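See below for data.tsv, which holds TSV, C-alpha atoms.
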chain	number	residue	atom	x	y	z
G	261	MET	CA	88.97	-22.10	43.07
G	262	SER	CA	91.23	-20.78	40.33
G	263	ARG	CA	91.13	-17.10	39.25
G	264	THR	CA	89.64	-18.17	35.99
G	265	GLY	CA	86.63	-19.87	37.66
G	266	ARG	CA	86.00	-16.92	39.96
G	267	SER	CA	86.10	-14.45	37.08
G	268	LYS	CA	83.47	-16.36	35.02
G	269	GLN	CA	80.88	-16.61	37.82
G	270	PRO	CA	79.85	-12.93	37.85
G	271	ALA	CA	79.57	-12.94	34.08
G	272	VAL	CA	77.27	-15.98	34.10
G	273	LEU	CA	75.10	-14.44	36.78
G	274	ALA	CA	74.87	-11.18	34.83
G	275	ILE	CA	73.79	-12.99	31.69
G	276	ALA	CA	71.16	-15.00	33.58
G	277	THR	CA	69.82	-11.87	35.20
G	278	ALA	CA	69.60	-10.08	31.85
G	279	VAL	CA	67.73	-13.01	30.24
G	280	ALA	CA	65.24	-13.14	33.12
G	281	ALA	CA	64.62	-9.42	32.93
G	282	ALA	CA	64.10	-9.58	29.18
G	283	ALA	CA	61.59	-12.41	29.58
G	284	ALA	CA	59.72	-10.49	32.25
G	285	LEU	CA	59.55	-7.39	30.07
G	286	ALA	CA	58.39	-9.43	27.09
G	287	GLY	CA	55.63	-11.00	29.18
G	288	CYS	CA	54.43	-7.63	30.42
G	289	SER	CA	54.39	-6.11	26.98
G	290	SER	CA	52.52	-9.09	25.48
G	291	ALA	CA	49.94	-9.01	28.26
G	292	ASP	CA	49.41	-5.28	27.99
G	293	ALA	CA	49.05	-5.25	24.19
G	294	PRO	CA	45.48	-6.64	24.02
G	295	ALA	CA	44.36	-4.18	26.66
G	296	ASP	CA	45.96	-1.31	24.76
G	297	ARG	CA	44.32	-2.42	21.52
G	298	ALA	CA	40.97	-2.83	23.23
G	299	GLY	CA	41.20	0.66	24.67
G	300	ALA	CA	42.18	2.20	21.35
G	301	SER	CA	39.51	0.45	19.22
G	302	PRO	CA	35.73	1.25	19.38
G	303	SER	CA	33.45	-1.48	20.66
G	304	GLY	CA	31.48	-1.61	17.39
G	305	PRO	CA	32.69	-2.41	13.88
G	306	PRO	CA	34.84	0.22	12.24
G	307	SER	CA	32.76	2.77	10.35
G	308	ALA	CA	33.59	3.86	6.84
G	309	SER	CA	34.80	7.37	6.26
G	310	ALA	CA	32.44	10.09	4.97
G	311	SER	CA	33.92	9.81	1.52
G	312	THR	CA	33.31	6.07	1.20
G	313	SER	CA	30.26	5.37	3.34
G	314	PRO	CA	27.09	4.89	1.26
G	315	SER	CA	25.04	6.51	4.02
G	316	ALA	CA	27.21	9.61	3.86
G	317	VAL	CA	26.35	10.23	0.21
G	318	PRO	CA	22.95	12.03	-0.01
G	319	THR	CA	20.45	10.20	-2.14
G	320	PRO	CA	18.80	12.62	-4.59
G	321	SER	CA	15.09	12.81	-3.98
G	322	ALA	CA	12.67	12.55	-6.89
G	323	PRO	CA	11.12	15.84	-8.04
G	324	ALA	CA	7.68	16.50	-6.65
G	325	SER	CA	6.26	16.63	-10.16
G	326	SER	CA	7.23	13.03	-10.83
G	327	SER	CA	5.15	11.67	-7.99
G	328	ALA	CA	1.96	13.42	-8.96
G	329	ALA	CA	0.73	14.48	-12.38
G	330	PRO	CA	-0.39	18.08	-12.84
G	331	SER	CA	-4.04	18.55	-12.01
G	332	GLY	CA	-4.83	19.59	-15.55
G	333	ALA	CA	-3.35	16.36	-16.95
G	334	GLU	CA	-5.61	14.23	-14.76
G	335	GLY	CA	-8.81	15.38	-16.41
G	336	PRO	CA	-10.59	13.73	-19.34
G	337	HIS	CA	-9.28	14.29	-22.82
G	338	SER	CA	-11.24	14.62	-26.01
G	339	THR	CA	-10.71	11.86	-28.53
G	340	ARG	CA	-12.48	13.70	-31.34
G	341	GLY	CA	-10.77	15.47	-34.16
G	342	TRP	CA	-11.26	19.25	-34.06
G	343	PRO	CA	-10.89	21.21	-37.31
G	344	ASP	CA	-8.97	24.46	-37.28
G	345	VAL	CA	-10.38	27.92	-37.81
G	346	PHE	CA	-10.14	27.84	-41.58
G	347	THR	CA	-13.16	25.58	-41.69
G	348	VAL	CA	-15.43	28.30	-40.27
G	349	ILE	CA	-14.07	31.63	-41.51
G	350	GLN	CA	-14.33	33.47	-44.82
G	351	LYS	CA	-17.55	31.71	-45.76
G	352	TRP	CA	-19.01	35.16	-46.20
G	353	LYS	CA	-17.08	35.50	-49.47
G	354	ASP	CA	-19.63	33.24	-51.13
G	355	GLN	CA	-22.54	35.44	-50.01
G	356	PRO	CA	-23.92	38.39	-51.98
G	357	ARG	CA	-23.05	41.86	-50.78
G	358	GLY	CA	-25.45	43.43	-48.33
G	359	THR	CA	-25.71	46.84	-46.77
G	360	GLY	CA	-22.40	48.57	-46.23
G	361	ALA	CA	-21.54	50.68	-43.17
G	362	PRO	CA	-20.18	54.17	-43.86
G	363	ASP	CA	-17.55	53.89	-41.12
G	364	ALA	CA	-16.56	50.27	-41.76
G	365	GLU	CA	-12.92	51.28	-42.29
G	366	ALA	CA	-12.71	53.15	-38.99
G	367	VAL	CA	-14.30	50.29	-37.06
G	368	HIS	CA	-11.99	47.78	-38.70
G	369	SER	CA	-8.92	49.84	-37.79
G	370	LYS	CA	-10.06	50.05	-34.17
G	371	SER	CA	-10.44	46.27	-33.98
G	372	VAL	CA	-6.97	45.33	-35.17
G	373	GLY	CA	-4.99	46.28	-32.08
G	374	VAL	CA	-7.62	45.02	-29.63
G	375	LEU	CA	-7.93	41.59	-31.23
G	376	ASN	CA	-4.19	41.15	-31.67
G	377	ASP	CA	-3.57	42.02	-28.03
G	378	ALA	CA	-6.28	39.68	-26.74
G	379	GLU	CA	-5.06	36.87	-28.94
G	380	SER	CA	-1.49	37.23	-27.70
G	381	ARG	CA	-2.63	37.38	-24.07
G	382	TYR	CA	-5.09	34.48	-23.99
G	383	GLY	CA	-4.08	32.31	-26.92
G	384	SER	CA	-5.99	31.30	-29.99
G	385	GLU	CA	-7.04	28.07	-31.69
G	386	LYS	CA	-4.67	25.27	-30.57
G	387	GLY	CA	-2.82	27.78	-28.41
G	388	SER	CA	-5.95	28.55	-26.41
G	389	LYS	CA	-6.53	26.98	-22.99
G	390	CYS	CA	-9.98	25.99	-24.29
G	391	TRP	CA	-8.84	23.92	-27.26
G	392	PRO	CA	-10.51	20.50	-26.66
G	393	GLU	CA	-7.33	18.48	-27.08
G	394	ARG	CA	-5.50	20.39	-24.34
G	395	PRO	CA	-5.59	19.21	-20.68
G	396	THR	CA	-6.77	22.69	-19.66
G	397	SER	CA	-9.94	22.52	-21.77
G	398	LEU	CA	-12.20	21.64	-18.82
G	399	THR	CA	-10.54	23.75	-16.14
G	400	PRO	CA	-10.90	27.26	-14.65
G	401	LEU	CA	-8.17	28.40	-17.04
G	402	CYS	CA	-10.55	27.89	-19.95
G	403	ALA	CA	-13.40	29.48	-18.01
G	404	GLU	CA	-11.29	32.61	-17.61
G	405	ASN	CA	-10.45	32.65	-21.31
G	406	ALA	CA	-14.10	32.15	-22.21
G	407	ALA	CA	-15.11	35.15	-20.13
G	408	LYS	CA	-12.43	37.28	-21.82
G	409	ALA	CA	-13.57	36.15	-25.27
G	410	ALA	CA	-17.19	36.98	-24.48
G	411	GLY	CA	-16.14	40.40	-23.24
G	412	THR	CA	-14.24	41.09	-26.46
G	413	ALA	CA	-17.23	39.97	-28.54
G	414	LYS	CA	-19.53	42.34	-26.66
G	415	THR	CA	-17.05	45.19	-27.09
G	416	SER	CA	-16.95	44.51	-30.82
G	417	LEU	CA	-20.73	44.73	-31.01
G	418	SER	CA	-20.70	47.98	-29.02
G	419	TRP	CA	-18.60	49.56	-31.75
G	420	ILE	CA	-21.32	48.94	-34.32
G	421	ALA	CA	-24.34	49.49	-32.07
G	422	HIS	CA	-25.17	52.72	-33.92
G	423	GLU	CA	-24.97	51.08	-37.34
G	424	ASP	CA	-27.85	49.85	-39.44
G	425	PRO	CA	-28.74	46.32	-38.19
G	426	ARG	CA	-28.28	45.09	-41.74
G	427	THR	CA	-24.59	45.97	-41.68
G	428	PHE	CA	-21.78	43.81	-40.36
G	429	THR	CA	-23.91	40.71	-40.64
G	430	THR	CA	-20.93	38.34	-40.35
G	431	LEU	CA	-19.50	40.14	-37.32
G	432	ARG	CA	-22.87	40.10	-35.57
G	433	ALA	CA	-23.28	36.37	-36.20
G	434	ASN	CA	-19.74	35.49	-35.11
G	435	ALA	CA	-19.87	37.65	-31.99
G	436	ASP	CA	-23.17	36.03	-31.03
G	437	LYS	CA	-21.66	32.58	-31.56
G	438	VAL	CA	-18.69	33.36	-29.30
G	439	THR	CA	-20.86	34.89	-26.59
G	440	LYS	CA	-23.27	31.96	-26.50
G	441	ALA	CA	-20.41	29.44	-26.37
G	442	ALA	CA	-18.83	31.23	-23.43
G	443	GLU	CA	-22.17	31.45	-21.62
G	444	PHE	CA	-22.81	27.75	-22.19
G	445	TYR	CA	-19.39	26.85	-20.82
G	446	ALA	CA	-20.09	28.81	-17.65
G	447	SER	CA	-23.70	27.66	-17.20
G	448	ARG	CA	-22.81	23.96	-17.48
G	449	SER	CA	-19.89	24.20	-15.02
G	450	CYS	CA	-17.54	22.92	-17.70
G	451	ALA	CA	-14.54	24.13	-15.70
G	452	GLY	CA	-15.22	21.33	-13.21
G	453	ALA	CA	-14.82	18.56	-15.83
G	454	PRO	CA	-18.31	17.02	-15.84
G	455	ALA	CA	-18.45	13.27	-15.33
G	456	GLY	CA	-20.90	12.45	-18.13
G	457	GLN	CA	-19.53	11.89	-21.60
G	458	ALA	CA	-22.35	13.81	-23.26
G	459	GLU	CA	-21.76	16.80	-20.98
G	460	ARG	CA	-18.03	16.75	-21.65
G	461	ASP	CA	-18.61	16.62	-25.40
G	462	ALA	CA	-20.92	19.63	-25.18
G	463	CYS	CA	-18.35	21.52	-23.11
G	464	TRP	CA	-15.61	20.70	-25.59
G	465	GLU	CA	-17.81	21.95	-28.42
G	466	ALA	CA	-18.27	25.26	-26.61
G	467	GLY	CA	-14.55	25.42	-25.82
G	468	TRP	CA	-13.71	24.83	-29.47
G	469	THR	CA	-15.74	27.91	-30.43
G	470	VAL	CA	-14.18	29.97	-27.63
G	471	ALA	CA	-10.72	28.95	-28.82
G	472	GLN	CA	-11.52	30.50	-32.20
G	473	ALA	CA	-13.07	33.68	-30.80
G	474	TYR	CA	-10.49	36.18	-32.04
G	475	PRO	CA	-10.16	34.77	-35.56
G	476	LEU	CA	-13.95	34.71	-35.78
G	477	LEU	CA	-14.28	38.33	-34.68
G	478	ARG	CA	-11.45	39.43	-36.98
G	479	ASP	CA	-13.20	37.64	-39.82
G	480	GLY	CA	-16.36	39.60	-39.03
G	481	PHE	CA	-14.60	42.94	-39.23
G	482	ASN	CA	-12.96	41.93	-42.49
G	483	ALA	CA	-16.32	40.91	-43.89
G	484	GLY	CA	-17.73	44.29	-42.89
G	485	LEU	CA	-15.33	45.95	-45.30
G	486	GLN	CA	-17.05	44.01	-48.07
G	487	ALA	CA	-20.56	44.85	-46.86
G	488	ARG	CA	-21.14	41.31	-45.66
Entire entry expressed as structure tokens:
Amino acid sequence: MSRTGRSKQPAVLAIATAVAAAAALAGCSSADAPADRAGASPSGPPSASASTSPSAVPTPSAPASSSAAPSGAEGPHSTRGWPDVFTVIQKWKDQPRGTGAPDAEAVHSKSVGVLNDAESRYGSEKGSKCWPERPTSLTPLCAENAAKAAGTAKTSLSWIAHEDPRTFTTLRANADKVTKAAEFYASRSCAGAPAGQAERDACWEAGWTVAQAYPLLRDGFNAGLQAR
């Protein structure tokens, strides 16, 4: 064999060996790849990140008030029209003068602060819990207001208890009206929203008078200044 032939043989063998080794390495790496991927990936489907997953975003719950109406709003409502206080006050101006009280001015002055305070605390007319068109008209809130109005009416009468019975005729009549309305409301259990329509109408009538208690009493003290 020539020198040239002998020198090429090792080179050919080296190339063949390198090719075989490369093929073996390629086969190993391709066989191991699926196993590596299987070990690195979870068995289930990939989950979305907290920033993109719909389940990760809290769903705002509806307010409790939207699922249930307030208890007062569930009761019956009056469908009547209810006139304001100006339909029942100052009628005494058309009446002749009667017997005047010597201390009418002092009694009137005493009443101003008491009536204003009670009116601001418990409401009056359409601002009263007893106004028939309000959802509180047949509830314990109105019953409480009715009791307060009756108490104020009795206090007003106590201020003129020493006076001639012929004095303060308007105040006496208005205080009696308020007291009787409050007593009717309590005696008929109006705060429990009676089922019968006739009973509800009667309760609303009483509540309408209670809602005007303080204007009615104030009107009585004003009338007393004019001996009516």
Legend entry - For atom CA of G:Gly484 and atom CA of G:Arg357, the interatomic separation in Å (one decimal):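 Atom CA of G:Arg357 lies 9.8 Å from atom CA of G:Gly484.
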Inset, instruction - May I ask which of the residues G:His337, G:Tyr445, G:Ala471, G:Ala487 is the closest one to G:Pro362, counting all atoms listed in the file? - result: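 The shortest atom-to-atom distance to G:Pro362 comes from G:Ala487.
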Inset, instruction - Point out the residue among G:Trp464, G:Trp391, G:Phe481, G:Phe444 with the least atom-to-atom distance to G:Val345, counting all atoms listed in the file. - result: G:Trp391
Legend entry - Which residue of G:Ala406, G:Ala366, G:Ala453, G:Val470 approaches G:Lys437 most closely, using all atoms listed in the file: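 For G:Lys437, the nearest of the given residues is G:Val470.
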Inset, instruction - Return the single residue from G:Ala466, G:Pro392, G:Leu431, G:Lys353 that is closest to G:Thr339, with distances computed using all atoms listed in the file. - result: G:Pro392
Inset, instruction - Tell me which of G:Glu365, G:Asp461, G:Asp344, G:Asp354 sits closest to G:Gly387, counting only C-alpha atoms. - result: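 Checking each of G:Glu365, G:Asp461, G:Asp344, G:Asp354 against G:Gly387, counting only C-alpha atoms, the winner is G:Asp344.
With atom CA of G:Gly411 on one side and atom CA of G:Val374 on the other, the separation reads 11.6 Å.
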Inset, instruction - Write out as JSON, numbers by chain the residues lying within 8 Å of stretch 416-424 of chain G, counting all atoms listed in the file and excluding same-chain residues fewer than 2 positions away. - result: {"G": [361, 367, 371, 412, 413, 414, 426, 427, 428, 431, 432, 435, 477]}
Inset, instruction - Could you check which of G:Ser338, G:Arg460, G:Glu465, G:Glu443 is closest to G:Glu393, using all atoms listed in the file? - result: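 Between G:Ser338, G:Arg460, G:Glu465, G:Glu443, the residue approaching G:Glu393 most closely is G:Ser338.
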Inset, instruction - Quick one: everything within 7 Å of stretch 403-405 of chain G, counting only C-alpha atoms, minus sequence neighbours fewer than 4 positions away in the same chain. Send it as a PyMOL selection string. - result: chain G and resi 382+399+409+446+451
Inset, instruction - Kindly give the distance, in Å, that separates atom CA of G:Gln350 and atom CA of G:Asn482, rounded to a single decimal. - result: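 Straight-line distance from atom CA of G:Gln350 to atom CA of G:Asn482 works out to 8.9 Å.
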Inset, instruction - Skip G:Thr429 itself and residues of its chain fewer than 4 positions away, then list as a VMD selection string all residues within 9 Å of it, counting all atoms listed in the file. - result: chain G and resid 358 to 359 425 433 to 434 480 483 to 484 487 to 488
Could you write out the selected residues, including C-alpha atoms, as a compact mmCIF listing (two decimals), in the frame of the given file?
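Writing the result to out-v3.txt gives the following:
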# COMPACT_ATOMS: atom_id res chain seq x y z
CA GLY G 358 -25.45 43.43 -48.33
CA THR G 359 -25.71 46.84 -46.77
CA PRO G 425 -28.74 46.32 -38.19
CA ALA G 433 -23.28 36.37 -36.20
CA ASN G 434 -19.74 35.49 -35.11
CA GLY G 480 -16.36 39.60 -39.03
CA ALA G 483 -16.32 40.91 -43.89
CA GLY G 484 -17.73 44.29 -42.89
CA ALA G 487 -20.56 44.85 -46.86
CA ARG G 488 -21.14 41.31 -45.66
What are the centre and edge lengths in Å, to one decimal, of the axis-aligned box around all listed atoms of stretch 368-380 of chain G with 4 Å added on each side, as JSON?
{"center_x": -6.7, "center_y": 43.5, "center_z": -32.7, "size_x": 18.5, "size_y": 21.2, "size_z": 20.0}
